[in-house]
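Here is coords.txt, consisting of compact mmCIF, C-alpha atoms:
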```
# COMPACT_ATOMS: atom_id res chain seq x y z
CA MET A 430 0.00 0.00 0.00
CA LEU A 431 1.36 3.41 -0.89
CA ASN A 432 1.96 5.80 2.00
CA LEU A 433 -0.70 8.35 1.18
CA CYS A 434 -0.21 10.40 4.36
CA SER A 435 3.46 11.17 3.81
CA ILE A 436 4.08 14.87 3.30
CA GLY A 437 7.72 15.05 4.31
CA SER A 438 8.83 17.48 6.98
CA THR A 439 6.50 20.29 5.99
CA PRO A 440 4.12 21.10 8.90
CA LEU A 441 0.43 20.70 8.13
CA LEU A 442 -0.81 23.50 10.39
CA ARG A 443 -0.02 27.02 9.41
CA PRO A 444 -2.13 30.19 9.45
CA THR A 445 -2.37 30.07 5.68
CA THR A 446 -0.91 28.01 2.84
CA LEU A 447 -0.65 28.48 -0.92
CA VAL A 448 -2.69 26.17 -3.14
CA ARG A 449 -4.46 26.35 -6.47
CA PRO A 450 -7.94 27.75 -6.78
CA HIS A 451 -10.72 25.17 -6.48
CA SER A 452 -11.52 25.47 -10.20
CA ALA A 453 -7.97 24.50 -11.22
CA SER A 454 -6.21 21.15 -10.98
CA ILE A 455 -5.16 20.02 -7.51
CA ALA A 456 -1.87 18.78 -8.87
CA SER A 457 -0.08 21.46 -6.82
CA ASP A 458 -1.57 20.18 -3.57
CA LEU A 459 -0.70 16.64 -4.40
CA SER A 460 2.76 17.40 -5.74
CA GLN A 461 3.78 19.04 -2.44
CA GLY A 462 2.71 15.91 -0.59
CA TYR A 463 1.75 12.61 -2.15
CA LEU A 464 3.14 12.91 -5.68
CA VAL A 465 6.53 14.32 -4.69
CA ASN A 466 7.32 12.37 -1.55
CA ASN A 467 5.93 9.05 -2.75
CA PRO A 468 8.37 7.44 -5.21
CA ALA A 469 5.53 5.45 -6.85
CA LEU A 470 4.24 8.60 -8.55
CA SER A 471 6.04 11.09 -10.77
CA ARG A 472 6.74 14.78 -10.28
CA ARG A 473 5.03 15.81 -13.51
CA ALA A 474 1.90 17.20 -11.83
CA ALA A 475 4.07 19.34 -9.58
CA SER A 476 5.95 20.96 -12.43
CA THR A 477 3.06 22.82 -14.05
CA PRO A 478 3.17 26.58 -13.28
CA THR A 479 -0.05 28.06 -11.95
CA THR A 480 -1.49 31.08 -10.14
CA LEU A 481 -1.52 30.55 -6.37
CA THR A 482 -4.16 31.81 -3.96
CA LYS A 483 -4.23 31.95 -0.16
CA VAL A 484 -6.86 29.76 1.46
CA PRO A 485 -7.35 28.46 5.01
CA VAL A 486 -5.18 25.49 5.86
CA CYS A 487 -8.10 23.30 6.93
CA ARG A 488 -9.38 23.30 3.35
CA SER A 489 -5.95 22.25 2.05
CA ALA A 490 -5.67 19.46 4.60
CA GLU A 491 -9.18 18.30 3.78
CA LYS A 492 -8.28 18.07 0.08
CA LYS A 493 -5.18 16.05 0.87
CA ASN A 494 -7.09 13.68 3.10
CA ASN A 495 -9.81 13.28 0.46
CA SER A 496 -7.21 12.62 -2.24
CA ASN A 497 -5.59 9.97 -0.08
CA SER A 498 -8.94 8.31 0.51
CA THR A 499 -9.67 8.32 -3.23
CA ILE A 500 -6.34 6.72 -4.10
CA ASP A 501 -6.78 4.15 -1.34
CA PHE A 502 -10.15 3.32 -2.84
CA LEU A 503 -8.75 2.95 -6.37
CA LYS A 504 -6.13 0.53 -5.07
CA ASP A 505 -8.69 -1.35 -3.02
CA ILE A 506 -10.73 -2.13 -6.15
CA GLY A 507 -7.62 -3.57 -7.80
CA LEU A 508 -5.73 -0.82 -9.64
CA ASP A 509 -1.96 -1.19 -9.37
CA ASP A 510 0.61 1.51 -8.63
CA SER A 511 1.24 2.36 -12.29
CA GLN A 512 -2.48 2.76 -12.99
CA VAL A 513 -2.96 4.96 -9.94
CA LYS A 514 0.06 7.02 -10.98
CA LYS A 515 -1.37 7.53 -14.46
CA ILE A 516 -4.74 8.66 -13.08
CA ALA A 517 -3.09 11.00 -10.55
CA ASN A 518 -1.01 12.62 -13.30
CA SER A 519 -3.59 12.85 -16.07
CA HIS A 520 -6.82 13.30 -14.08
CA PRO A 521 -5.96 14.88 -10.71
CA ARG A 522 -9.49 16.29 -10.53
CA LEU A 523 -10.75 12.77 -9.93
CA LEU A 524 -8.77 12.69 -6.68
CA ARG A 525 -11.13 15.31 -5.21
CA SER A 526 -14.06 12.91 -5.55
CA LYS A 527 -15.88 11.81 -2.44
CA VAL A 528 -15.54 8.06 -2.11
CA GLU A 529 -18.83 7.32 -0.35
CA LYS A 530 -20.98 9.76 -2.31
CA THR A 531 -19.50 9.58 -5.82
CA LEU A 532 -17.24 6.58 -6.40
CA ILE A 533 -18.82 3.68 -4.53
CA PRO A 534 -22.32 4.06 -6.12
CA LYS A 535 -20.86 3.92 -9.64
CA ILE A 536 -18.63 0.97 -8.89
CA LYS A 537 -21.73 -0.79 -7.53
CA VAL A 538 -23.59 -0.07 -10.79
CA LEU A 539 -20.78 -1.65 -12.82
CA LYS A 540 -20.53 -4.69 -10.54
CA ASP A 541 -24.28 -5.23 -10.48
CA PHE A 542 -24.30 -4.97 -14.26
CA GLY A 543 -21.96 -7.92 -14.47
CA PHE A 544 -18.40 -6.60 -14.70
CA CYS A 545 -15.99 -8.94 -12.94
CA GLU A 546 -12.97 -7.57 -11.05
CA SER A 547 -10.55 -7.73 -13.99
CA GLU A 548 -13.11 -6.14 -16.32
CA LEU A 549 -13.86 -3.45 -13.75
CA ILE A 550 -10.16 -2.62 -13.44
CA SER A 551 -9.85 -2.43 -17.23
CA VAL A 552 -12.82 -0.08 -17.55
CA ILE A 553 -11.74 2.26 -14.76
CA ALA A 554 -8.08 2.31 -15.81
CA SER A 555 -9.02 3.34 -19.35
CA ASN A 556 -12.05 5.46 -18.40
CA PRO A 557 -11.22 7.08 -15.02
CA LEU A 558 -13.47 10.08 -15.56
CA LEU A 559 -16.38 7.70 -15.89
CA LEU A 560 -16.44 7.87 -12.10
CA THR A 561 -16.87 11.65 -12.06
CA ASP A 562 -18.30 12.91 -15.34
CA VAL A 563 -21.24 10.53 -15.71
CA SER A 564 -23.97 10.42 -13.07
CA ARG A 565 -25.03 7.12 -11.56
CA ASP A 566 -28.45 7.23 -13.23
CA ARG A 567 -27.03 8.11 -16.65
CA LEU A 568 -24.43 5.36 -16.36
CA LEU A 569 -27.10 2.83 -15.49
CA ALA A 570 -29.34 3.99 -18.37
CA LYS A 571 -26.50 3.70 -20.90
CA LEU A 572 -25.50 0.24 -19.75
CA ASP A 573 -29.10 -0.99 -19.90
CA PHE A 574 -29.55 0.48 -23.39
CA LEU A 575 -26.34 -1.09 -24.69
CA LYS A 576 -27.27 -4.43 -23.19
CA SER A 577 -30.74 -4.30 -24.78
CA ILE A 578 -29.16 -3.71 -28.19
CA LEU A 579 -26.19 -6.04 -27.92
CA GLY A 580 -27.87 -8.82 -25.99
CA GLY A 581 -25.24 -9.44 -23.34
CA VAL A 582 -22.66 -8.05 -20.96
CA GLU A 583 -19.73 -9.50 -22.92
CA ASN A 584 -20.69 -7.58 -26.05
CA VAL A 585 -21.07 -4.38 -24.04
CA LEU A 586 -17.63 -4.86 -22.54
CA THR A 587 -16.13 -5.48 -25.99
CA ALA A 588 -17.66 -2.27 -27.33
CA VAL A 589 -16.48 -0.24 -24.32
CA LYS A 590 -12.94 -1.57 -24.72
CA LYS A 591 -12.87 -0.57 -28.40
CA VAL A 592 -14.02 2.98 -27.73
CA ARG A 593 -13.18 4.00 -24.20
CA TRP A 594 -15.45 7.05 -24.29
CA LEU A 595 -18.51 5.04 -25.38
CA LEU A 596 -20.12 5.38 -21.97
CA TYR A 597 -19.52 9.15 -22.09
CA ALA A 598 -21.50 9.57 -25.31
CA SER A 599 -24.92 11.12 -24.98
CA LEU A 600 -27.62 8.47 -24.98
CA THR A 601 -30.42 10.87 -25.87
CA THR A 602 -28.69 13.06 -28.47
CA LYS A 603 -26.34 10.60 -30.21
CA LEU A 604 -26.42 6.88 -29.53
CA GLN A 605 -30.15 6.21 -29.44
CA PRO A 606 -31.14 8.69 -32.21
CA ASN A 607 -28.41 7.35 -34.54
CA PHE A 608 -29.46 3.78 -33.85
CA GLU A 609 -33.08 4.58 -34.72
CA LEU A 610 -31.99 6.60 -37.76
CA LEU A 611 -30.08 3.68 -39.28
CA LYS A 612 -32.98 1.35 -38.56
CA SER A 613 -35.25 3.71 -40.49
CA TYR A 614 -32.91 3.26 -43.50
CA GLY A 615 -33.46 -0.48 -43.38
CA ILE A 616 -30.32 -1.55 -41.50
CA SER A 617 -31.17 -4.69 -39.54
CA ASP A 618 -30.74 -5.06 -35.78
CA GLU A 619 -28.13 -7.76 -36.42
CA ARG A 620 -25.98 -5.46 -38.55
CA LEU A 621 -26.35 -2.63 -36.04
CA GLN A 622 -25.29 -4.94 -33.23
CA LYS A 623 -22.13 -5.88 -35.11
CA LEU A 624 -21.46 -2.22 -35.91
CA LEU A 625 -21.84 -1.22 -32.27
CA VAL A 626 -19.50 -3.98 -31.06
CA ARG A 627 -16.84 -3.61 -33.77
CA SER A 628 -16.98 0.10 -34.63
CA PRO A 629 -19.12 1.95 -32.06
CA MET A 630 -17.71 5.35 -33.07
CA TYR A 631 -20.04 5.39 -36.08
CA LEU A 632 -23.09 5.27 -33.81
CA ILE A 633 -21.93 7.98 -31.44
CA CYS A 634 -21.03 10.62 -34.00
CA ASP A 635 -22.95 13.89 -34.12
CA HIS A 636 -26.55 13.11 -35.11
CA LYS A 637 -26.69 15.83 -37.78
CA HIS A 638 -23.45 14.49 -39.27
CA ALA A 639 -24.97 11.01 -39.35
CA GLN A 640 -28.04 12.34 -41.19
CA GLU A 641 -25.92 14.21 -43.75
CA SER A 642 -23.70 11.16 -44.26
CA LEU A 643 -26.69 8.94 -45.06
CA VAL A 644 -27.94 11.47 -47.61
CA ARG A 645 -24.53 11.52 -49.31
CA VAL A 646 -24.43 7.72 -49.50
CA GLU A 647 -27.60 7.79 -51.62
CA GLN A 648 -27.21 11.07 -53.51
CA VAL A 649 -23.43 11.24 -54.10
CA LEU A 650 -22.27 7.64 -54.06
CA GLY A 651 -25.49 6.36 -55.57
CA ILE A 652 -25.70 3.36 -53.23
CA PRO A 653 -29.35 2.39 -52.61
CA ARG A 654 -30.41 1.68 -49.05
CA GLU A 655 -31.79 -1.68 -50.22
CA SER A 656 -28.21 -2.96 -50.61
CA SER A 657 -27.89 -3.10 -46.85
CA ALA A 658 -24.27 -4.25 -46.45
CA MET A 659 -22.81 -1.88 -49.07
CA PHE A 660 -25.04 0.98 -47.88
CA LEU A 661 -23.74 0.56 -44.32
CA LEU A 662 -20.16 0.48 -45.61
CA GLY A 663 -20.85 3.69 -47.52
CA PHE A 664 -22.22 5.25 -44.34
CA LYS A 665 -19.04 4.41 -42.44
CA VAL A 666 -16.93 5.96 -45.20
CA MET A 667 -19.05 9.13 -45.30
CA VAL A 668 -18.91 9.53 -41.52
CA SER A 669 -15.13 9.17 -41.65
CA LEU A 670 -14.60 11.63 -44.50
CA GLY A 671 -17.27 14.28 -44.18
CA LYS A 672 -18.04 16.67 -47.04
CA ARG A 673 -14.56 18.20 -47.30
CA GLY A 674 -12.83 14.87 -46.97
CA LEU A 675 -14.94 13.44 -49.77
CA GLU A 676 -14.06 16.36 -52.03
CA PHE A 677 -10.37 15.89 -51.24
CA LYS A 678 -10.51 12.19 -52.15
CA PHE A 679 -12.18 12.93 -55.49
CA GLU A 680 -9.42 15.42 -56.30
CA MET A 681 -6.77 12.94 -55.20
CA PHE A 682 -7.96 10.28 -57.63
CA LYS A 683 -8.23 12.85 -60.41
CA ARG A 684 -4.56 13.74 -59.92
CA TYR A 685 -3.74 10.15 -60.86
CA GLY A 686 -5.76 10.16 -64.06
CA TRP A 687 -9.22 9.16 -62.84
CA SER A 688 -12.24 11.00 -64.18
CA GLU A 689 -15.07 12.00 -61.86
CA SER A 690 -17.26 9.28 -63.37
CA ASP A 691 -14.46 6.76 -62.71
CA VAL A 692 -14.36 7.76 -59.05
CA LEU A 693 -18.15 7.58 -58.76
CA VAL A 694 -18.26 4.08 -60.28
CA MET A 695 -15.49 2.96 -57.94
CA ALA A 696 -17.15 4.52 -54.89
CA LYS A 697 -20.48 2.88 -55.65
CA ARG A 698 -18.94 -0.56 -56.11
CA LEU A 699 -16.45 -0.42 -53.23
CA PRO A 700 -16.69 2.77 -51.14
CA LEU A 701 -13.86 1.56 -48.93
CA CYS A 702 -11.45 2.65 -51.69
CA LEU A 703 -12.21 6.28 -50.80
CA LEU A 704 -10.37 5.80 -47.51
CA MET A 705 -7.11 5.01 -49.28
CA SER A 706 -4.19 7.28 -48.50
CA GLU A 707 -2.49 9.05 -51.39
CA ALA A 708 0.71 7.07 -50.74
CA ARG A 709 -1.19 3.79 -51.02
CA LEU A 710 -2.95 4.88 -54.22
CA LYS A 711 0.36 5.98 -55.73
CA THR A 712 2.02 2.58 -55.21
CA ARG A 713 -0.93 0.77 -56.85
CA VAL A 714 -1.03 3.18 -59.78
CA ASP A 715 2.75 2.89 -60.23
CA PHE A 716 2.58 -0.89 -60.26
CA PHE A 717 -0.57 -1.69 -62.22
CA ILE A 718 -0.71 1.27 -64.62
CA ASN A 719 2.81 2.62 -64.99
CA LYS A 720 4.73 -0.68 -64.80
CA LEU A 721 2.27 -3.28 -66.06
CA GLY A 722 0.44 -1.07 -68.53
CA TYR A 723 -3.07 -1.62 -67.19
CA LYS A 724 -5.83 0.92 -67.69
CA ILE A 725 -7.92 2.62 -65.03
CA GLY A 726 -10.89 0.70 -66.40
CA ASP A 727 -9.04 -2.55 -65.63
CA LEU A 728 -8.67 -1.51 -62.00
CA ILE A 729 -12.31 -0.47 -61.77
CA ALA A 730 -13.27 -3.91 -63.08
CA CYS A 731 -11.32 -5.49 -60.19
CA LEU A 732 -11.34 -2.97 -57.34
CA PRO A 733 -9.99 -5.35 -54.68
CA LEU A 734 -6.62 -4.92 -56.40
CA LEU A 735 -6.47 -1.47 -54.79
CA THR A 736 -7.01 -2.87 -51.30
CA PHE A 737 -4.42 -5.66 -51.15
CA SER A 738 -0.98 -5.20 -49.61
CA MET A 739 1.92 -4.78 -52.01
CA GLU A 740 3.57 -7.84 -50.48
CA ARG A 741 0.61 -9.98 -51.52
CA ILE A 742 0.48 -8.36 -54.95
CA LEU A 743 4.19 -8.80 -55.69
CA ARG A 744 4.43 -12.41 -54.50
CA ARG A 745 1.33 -13.57 -56.34
CA TYR A 746 2.25 -11.69 -59.50
CA ALA A 747 5.71 -13.26 -59.45
CA VAL A 748 4.21 -16.75 -59.17
CA MET A 749 1.72 -15.98 -61.93
CA GLN A 750 4.48 -14.76 -64.26
CA VAL A 751 6.57 -17.90 -63.78
CA LEU A 752 3.59 -20.16 -64.48
CA GLN A 753 2.49 -18.15 -67.51
CA GLU A 754 5.98 -18.12 -69.00
CA ARG A 755 5.94 -21.92 -68.86
CA GLU A 756 2.37 -21.93 -70.22
CA LEU A 757 1.12 -23.75 -67.14
CA ILE A 758 -1.77 -21.32 -66.50
CA ASN A 759 -3.60 -18.56 -68.37
CA HIS A 760 -5.60 -16.85 -65.63
CA SER A 761 -6.38 -13.16 -65.23
CA ILE A 762 -4.57 -11.15 -62.61
CA CYS A 763 -7.91 -10.47 -60.90
CA THR A 764 -8.53 -14.20 -60.47
CA VAL A 765 -5.04 -14.78 -59.12
CA MET A 766 -5.08 -11.85 -56.70
CA THR A 767 -8.58 -12.20 -55.26
CA CYS A 768 -8.71 -15.91 -54.42
CA THR A 769 -8.16 -16.94 -50.82
CA GLU A 770 -4.71 -17.91 -49.63
CA SER A 771 -5.64 -21.56 -49.31
CA ARG A 772 -7.06 -21.65 -52.83
CA PHE A 773 -4.01 -19.83 -54.18
CA LEU A 774 -1.76 -22.51 -52.71
CA ASP A 775 -4.02 -25.34 -53.97
CA VAL A 776 -4.22 -23.98 -57.54
CA TYR A 777 -1.00 -22.10 -58.21
CA VAL A 778 1.66 -23.47 -55.86
CA LEU A 779 1.17 -27.02 -54.56
CA PRO A 780 0.41 -28.67 -57.95
CA PHE A 781 3.85 -27.50 -59.16
CA LYS A 782 5.77 -28.18 -55.96
CA ASP A 783 7.89 -30.95 -57.50
CA GLU A 784 8.35 -29.33 -60.89
CA LEU A 785 8.98 -25.84 -59.52
CA PRO A 786 9.94 -26.17 -55.83
CA GLU A 787 11.06 -22.55 -55.75
CA LEU A 788 7.41 -21.46 -56.06
CA TYR A 789 6.54 -23.12 -52.79
CA GLU A 790 9.71 -22.05 -51.01
CA ALA A 791 9.44 -18.41 -52.05
CA HIS A 792 5.70 -18.01 -51.53
CA THR A 793 5.45 -19.69 -48.13
CA GLY A 794 8.56 -17.96 -46.86
CA LYS A 795 10.11 -21.22 -45.65
CA LYS A 796 13.27 -20.56 -47.58
CA LEU A 797 14.30 -17.66 -49.76
CA VAL A 798 16.34 -18.83 -52.75
CA ASP A 799 17.68 -17.18 -55.86
CA SER A 800 14.77 -18.55 -57.84
CA SER A 801 12.86 -17.47 -60.90
CA VAL A 802 10.16 -16.11 -58.60
CA GLN A 803 12.61 -13.80 -56.87
CA LYS A 804 13.99 -12.70 -60.22
CA VAL A 805 10.50 -11.77 -61.37
CA GLU A 806 9.89 -9.85 -58.14
CA GLU A 807 13.09 -7.90 -58.74
CA ALA A 808 12.08 -7.26 -62.32
CA VAL A 809 8.64 -6.05 -61.25
CA LEU A 810 10.25 -3.48 -58.99
CA SER A 811 12.59 -2.28 -61.75
CA ASP A 812 11.73 0.20 -64.46
CA GLY A 813 11.85 -2.26 -67.32
CA VAL A 814 8.72 -4.32 -66.65
CA GLY A 815 5.76 -4.04 -68.97
CA GLY A 816 2.67 -6.04 -69.64
CA GLY A 817 -1.04 -5.93 -70.06
CA CYS A 818 -4.28 -7.47 -68.91
CA ASN A 819 -4.72 -11.20 -69.33
```
Mind converting the file's structure to structure tokens?
Amino acid sequence: MLNLCSIGSTPLLRPTTLVRPHSASIASDLSQGYLVNNPALSRRAASTPTTLTKVPVCRSAEKKNNSNSTIDFLKDIGLDDSQVKKIANSHPRLLRSKVEKTLIPKIKVLKDFGFCESELISVIASNPLLLTDVSRDRLLAKLDFLKSILGGVENVLTAVKKVRWLLYASLTTKLQPNFELLKSYGISDERLQKLLVRSPMYLICDHKHAQESLVRVEQVLGIPRESSAMFLLGFKVMVSLGKRGLEFKFEMFKRYGWSESDVLVMAKRLPLCLLMSEARLKTRVDFFINKLGYKIGDLIACLPLLTFSMERILRRYAVMQVLQERELINHSICTVMTCTESRFLDVYVLPFKDELPELYEAHTGKKLVDSSVQKVEEAVLSDGVGGGCN
């Protein structure tokens, strides 16, 4: 247990003492006592300059005692020294909280809801202000609402871990209205449950922004709400980009030779492509268009090519080139690139393991040899490679 009462040799009782105003952080109080003299916590909170004000000593002593009680309580529920240190440094305001009145009721809500000790520690360590900034009744209402949507405590915990401020989000102005809004567009409860567990940030965005994003999915991207999965993907992209971000992405693709109609066709078929960085787009354009001689229309016909890693693209293309040179296959690059890894091995690698062992060795990474595959990879990365669609 940390010695929370240690304040060095400085007397507690004086006519007056200098501390921060009540509205400011109490880091100064703590740094002169607990944070400085206790080696478990750092001096960072003590180093911040601030305006000092004279107040009666009894108030200062009361703050220190309350801070000690709060830290004792945090350790009693299972937080370790490093977690307490982090909270004391980053959220010293929490240390003013009254244990009996503020902290214990909220911990009881979480325990009664079904959080075990380890889960409780995880939630508090990552969401310390949950104990101060959200009232007991609001916390209970949010947990009940999330449980009603997600169908279980485990799913609620998963969602909270993914977005630590999920329980801070307004239930009445964001979470619930956005949930009902997406339902009105035909998104099923099952899809919304998955969205809330995997990517809850899309349901706790500003409600007006959510409304505008849904309009853009239909009017700009041209994705009908009846295509539920693609429509929801378009919604996620529009929430992420916003109006200005969408305009920037259109201009980015145009800089690499895409027409506006090209971008619209791409966005409607696979809106996820709009989230590509310019660096990622450049490497794909350099490889497929500048080096291999493909056309933008070829990429639009097989949009997943834009989403794969360059490692996957280079290795599979090298294998395909070796097999085509020996007239062992005549498959399109789209077919080769988009099949699953297991199918790729079954069709393009394992059948030729004896005849071309370097294919297997190079592709699986078991052994890198100076093989024809590696030579093709090197050639692909050089300036002299050309080609066309197969």
Hey, which of A:Lys537, A:Met739, A:Glu787, A:Gln622 ends up closest to Ser577 in chain A? Count all atoms listed in the file. A:Gln622
Selected residue, from A:Leu579, A:Ala554, A:Met659, A:Ile533, that lies nearest to Lys515 in chain A when counting only C-alpha atoms: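 Between A:Leu579, A:Ala554, A:Met659, A:Ile533, the residue approaching Lys515 in chain A most closely is A:Ala554.
In this structure, CA of Glu676 in chain A sits 12.6 Å away from CA of Ala696 in chain A.
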Considering all atoms listed in the file, return as number ranges by chain whatever protein or nucleic-acid residues lie within 8 Å of Leu568 in chain A, sequence-local ones (same chain, fewer than 4 positions apart) excluded. A: 535, 538, 563-564, 572, 596
For the selection you just gave me, I'd like the residues written to a file as an mmCIF file, in the coordinates of the input, keeping C-alpha atoms.
```
data_model
loop_
_atom_site.group_PDB
_atom_site.id
_atom_site.type_symbol
_atom_site.label_atom_id
_atom_site.label_comp_id
_atom_site.auth_asym_id
_atom_site.auth_seq_id
_atom_site.Cartn_x
_atom_site.Cartn_y
_atom_site.Cartn_z
ATOM 1 C CA LYS A 535 -20.860 3.920 -9.640
ATOM 2 C CA VAL A 538 -23.590 -0.070 -10.790
ATOM 3 C CA VAL A 563 -21.240 10.530 -15.710
ATOM 4 C CA SER A 564 -23.970 10.420 -13.070
ATOM 5 C CA LEU A 572 -25.500 0.240 -19.750
ATOM 6 C CA LEU A 596 -20.120 5.380 -21.970
#
```
CA of Lys697 in chain A to CA of Leu650 in chain A, distance in Å rounded to a single decimal: 5.3 Å
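If you measure from each of A:Leu643, A:Val592, A:Leu699, A:Leu549 to Val668 in chain A using only C-alpha atoms, the closest one turns out to be A:Leu643.
When CA of Thr587 in chain A is paired with CA of Val626 in chain A, their separation reads 6.3 Å.
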Size and centre in Å, one decimal, axis-aligned box, all listed range 625-630 of chain A atoms plus 8 Å per side, as lines of an AutoDock Vina configuration file:
```
center_x = -19.3
center_y = 0.7
center_z = -32.8
size_x = 21.0
size_y = 25.3
size_z = 19.6
```
Taking 6 positions as the minimum chain separation for residues in the same chain, which residues sit within 12 Å of range 768-773 of chain A when counting all atoms listed in the file? Answer as a ChimeraX atom specification. /A:733-734,737,741-742,744-746,748-749,760-762,779-780,788-789,792-793
Written file, previous selection with C-alpha atoms, as a JSON list (two decimals), keeping the file's coordinate frame:
```
[["chain", "number", "residue", "atom", "x", "y", "z"],
["A", 733, "PRO", "CA", -9.99, -5.35, -54.68],
["A", 734, "LEU", "CA", -6.62, -4.92, -56.40],
["A", 737, "PHE", "CA", -4.42, -5.66, -51.15],
["A", 741, "ARG", "CA", 0.61, -9.98, -51.52],
["A", 742, "ILE", "CA", 0.48, -8.36, -54.95],
["A", 744, "ARG", "CA", 4.43, -12.41, -54.50],
["A", 745, "ARG", "CA", 1.33, -13.57, -56.34],
["A", 746, "TYR", "CA", 2.25, -11.69, -59.50],
["A", 748, "VAL", "CA", 4.21, -16.75, -59.17],
["A", 749, "MET", "CA", 1.72, -15.98, -61.93],
["A", 760, "HIS", "CA", -5.60, -16.85, -65.63],
["A", 761, "SER", "CA", -6.38, -13.16, -65.23],
["A", 762, "ILE", "CA", -4.57, -11.15, -62.61],
["A", 779, "LEU", "CA", 1.17, -27.02, -54.56],
["A", 780, "PRO", "CA", 0.41, -28.67, -57.95],
["A", 788, "LEU", "CA", 7.41, -21.46, -56.06],
["A", 789, "TYR", "CA", 6.54, -23.12, -52.79],
["A", 792, "HIS", "CA", 5.70, -18.01, -51.53],
["A", 793, "THR", "CA", 5.45, -19.69, -48.13]]
```
May I ask which of the residues A:Ser642, A:Gln605, A:Ser688, A:Asn556 is the closest one to Leu575 in chain A, counting only C-alpha atoms? A:Gln605
Residues near Lys612 in chain A, anyone? I mean within 12 Å using only C-alpha atoms, not counting same-chain ones fewer than 3 positions away, as a PyMOL selection string. chain A and resi 605-609+615-622+632+643+654+657+661
